[in-house]
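Here is the structure we will look at, set down as structure tokens.
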Amino acid sequence: MLIKTFWKILIKIIGLWILFGCISIIPQFFSTLSFTDGNLNIQSLLLIWLMLFASIIVYILVIRLFLLKTDWIIEKLKLDKNFTEERIDLNIKSSTVLTIAIIIIGGLIITESLPNFCSRLFDFFQQKSLLKEYHDTSWLIYYFIKIIIGYLLLTNGKNLAKYIEKNSSEENVEV
């Protein structure tokens, strides 16, 4: 495996980790609205929405950079320079390593979300309230969606790796 290929794989794995970490923006946004106690003026609302959209734009740019423009990052940071050897002795294809990383990230997402979901669900059943009256409904839905995403990553890691590799190679041809 070439040094440049190693860095591409590592940067894409970091990009995937950032992608699945940015999912937490949405419930955090709704939780900030709950702190306003219903007294929300237009300036506060605009500021919150502006911060949310700015965060989303930054995440999209960073994710696009890490997943699709890995060659640009390697060139700008000169990551493949100053190595004594050009190759690392690994006989694994980059798509296989990316697939393994996606499956591990999916497992970590499930491992992180399942206890929180079960805790919120247990709390919901203890309160015996309706879903719309439950104060942590957004977090309950958030953890459920994260579990679904983790499961989909576990079961479709190979397809996602192929998609990322295909789009990454198309971006390199255009540049």
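In the structure tokens, the first chain shown is A, the next is B, and so on; residue numbers restart at 1 for each chain, and ligands run from 1 in the order shown.
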Determine, counting only C-alpha atoms, which protein, DNA and RNA residues have an atom within 9 Å of an atom of Lys8 (chain A); residues of the same chain fewer than 6 positions away are not included. Present the result as a PyMOL selection string.
-> chain A and resi 66-67+70-71+73-74+94
Can those selected residues be exported to a file as a PDB file, in the first residue's frame so that it contains C-alpha atoms?
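Saved the output as out30.pdb:
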```
ATOM      1  CA  PHE A  66     -12.518  14.905   4.082  1.00  0.00           C
ATOM      2  CA  LEU A  67     -14.529  12.400   2.035  1.00  0.00           C
ATOM      3  CA  THR A  70      -8.564  13.778   0.232  1.00  0.00           C
ATOM      4  CA  ASP A  71      -5.856  14.320  -2.396  1.00  0.00           C
ATOM      5  CA  ILE A  73      -5.614  17.642   1.916  1.00  0.00           C
ATOM      6  CA  ILE A  74      -2.632  15.334   1.386  1.00  0.00           C
ATOM      7  CA  SER A  94      -8.437   0.434   0.488  1.00  0.00           C
TER       8      SER A  94
END
```
Which residues come within 7 Å of Leu98 (chain A), counting only C-alpha atoms, excluding same-chain residues fewer than 4 positions away, as a PyMOL selection string?
-> chain A and resi 9+13+94+102+161
Serialized selection, N, CA and C atoms, as a compact mmCIF listing (two decimals), in the first residue's frame:
```txt
# COMPACT_ATOMS: atom_id res chain seq x y z
N ILE A 9 -7.11 6.75 3.15
CA ILE A 9 -8.00 5.92 3.97
C ILE A 9 -8.21 6.56 5.34
N ILE A 13 -11.76 7.97 6.87
CA ILE A 13 -12.31 7.44 8.12
C ILE A 13 -12.63 8.60 9.07
N SER A 94 -7.94 -0.73 -0.26
CA SER A 94 -8.44 0.43 0.49
C SER A 94 -9.94 0.35 0.73
N ILE A 102 -16.22 1.60 8.41
CA ILE A 102 -17.64 1.93 8.44
C ILE A 102 -18.39 1.00 9.38
N ALA A 161 -18.92 2.07 1.28
CA ALA A 161 -17.50 2.19 0.91
C ALA A 161 -17.35 2.28 -0.61
```
If you measure from CA of Phe144 (chain A) to CA of Leu114 (chain A), what distance in Å do you get, rounded to one decimal?
-> 8.0 Å
Excluding region 50-63 of chain A and residues on its chain fewer than 6 positions from it, collect all residues at most 7 Å away from it, counting only C-alpha atoms, and give them as a list of chain:residue names.
->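 Non-adjacent residues within range: A:Gly15, A:Ile18, A:Leu19.
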Let's have the selection written as a compact mmCIF listing (two decimals), in the first residue's frame, with all heavy atoms.
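That gives us selection-v2.txt:
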```txt
# COMPACT_ATOMS: atom_id res chain seq x y z
N GLY A 15 -13.34 11.62 8.15
CA GLY A 15 -14.50 12.27 7.55
C GLY A 15 -15.80 11.55 7.87
O GLY A 15 -16.82 12.19 8.16
N ILE A 18 -16.70 12.30 11.48
CA ILE A 18 -17.27 13.64 11.59
C ILE A 18 -18.70 13.65 11.07
O ILE A 18 -19.59 14.28 11.66
CB ILE A 18 -16.40 14.67 10.84
CG1 ILE A 18 -15.05 14.83 11.53
CG2 ILE A 18 -17.09 16.02 10.73
CD1 ILE A 18 -14.04 15.64 10.72
N LEU A 19 -18.94 12.96 9.96
CA LEU A 19 -20.28 12.90 9.37
C LEU A 19 -21.29 12.35 10.36
O LEU A 19 -22.37 12.92 10.56
CB LEU A 19 -20.27 12.06 8.09
CG LEU A 19 -21.61 11.77 7.44
CD1 LEU A 19 -22.22 13.05 6.89
CD2 LEU A 19 -21.47 10.73 6.36
```
Of the listed residues A:Ile100, A:Leu153, A:Ile92, A:Leu2, that which approaches Leu79 (chain A) most closely, counting only C-alpha atoms |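 Smallest separation from Leu79 (chain A) among the options: A:Leu2.
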Distance criterion (only C-alpha atoms): nearest to Lys78 (chain A) out of A:Ile3, A:Leu90, A:Leu160, A:Cys22 =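 Smallest distance to Lys78 (chain A) is found for A:Ile3.
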Would you mind reading off the distance between CA of Leu121 (chain A) and CA of Pro27 (chain A), one decimal, in Å?
->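 So the two atoms, CA of Leu121 (chain A) and CA of Pro27 (chain A), lie 16.3 Å apart.
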Where in region 9-106 of chain A does DSSP assign alpha helix (DSSP H), given as a VMD selection string?
-> chain A and resid 9 to 21 25 to 34 42 to 68 70 to 77 94 to 106
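Interatomic distance, CA of Ile104 (chain A) against CA of Arg120 (chain A): 24.6 Å.
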Name the residues in contact with Ser95 (chain A) at a cut-off of 8 Å, using only C-alpha atoms, excluding same-chain residues fewer than 4 positions from it; report them as JSON, numbers by chain.
-> {"A": [99, 158, 161, 162, 165]}
Go through A:Asn91, A:Ile23, A:Lys69, A:Asp123 one by one, measure the shortest atom-to-atom distance of each to Ile149 (chain A) using only C-alpha atoms, and give the residue with the smallest value.
->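 Under the stated criterion, the closest residue is A:Ile23.
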From the set A:Tyr142, A:Ala101, A:Leu77, A:Asp136, which residue has the shortest atom-to-atom contact distance to Ile25 (chain A), counting only C-alpha atoms?
->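 When distances to Ile25 (chain A) are compared using only C-alpha atoms, the smallest one comes from A:Tyr142.
Between Glu112 (chain A) and the candidates A:Ile147, A:Val97, A:Leu130, A:Leu154, the tightest atom-to-atom separation, counting only C-alpha atoms, involves A:Ile147.
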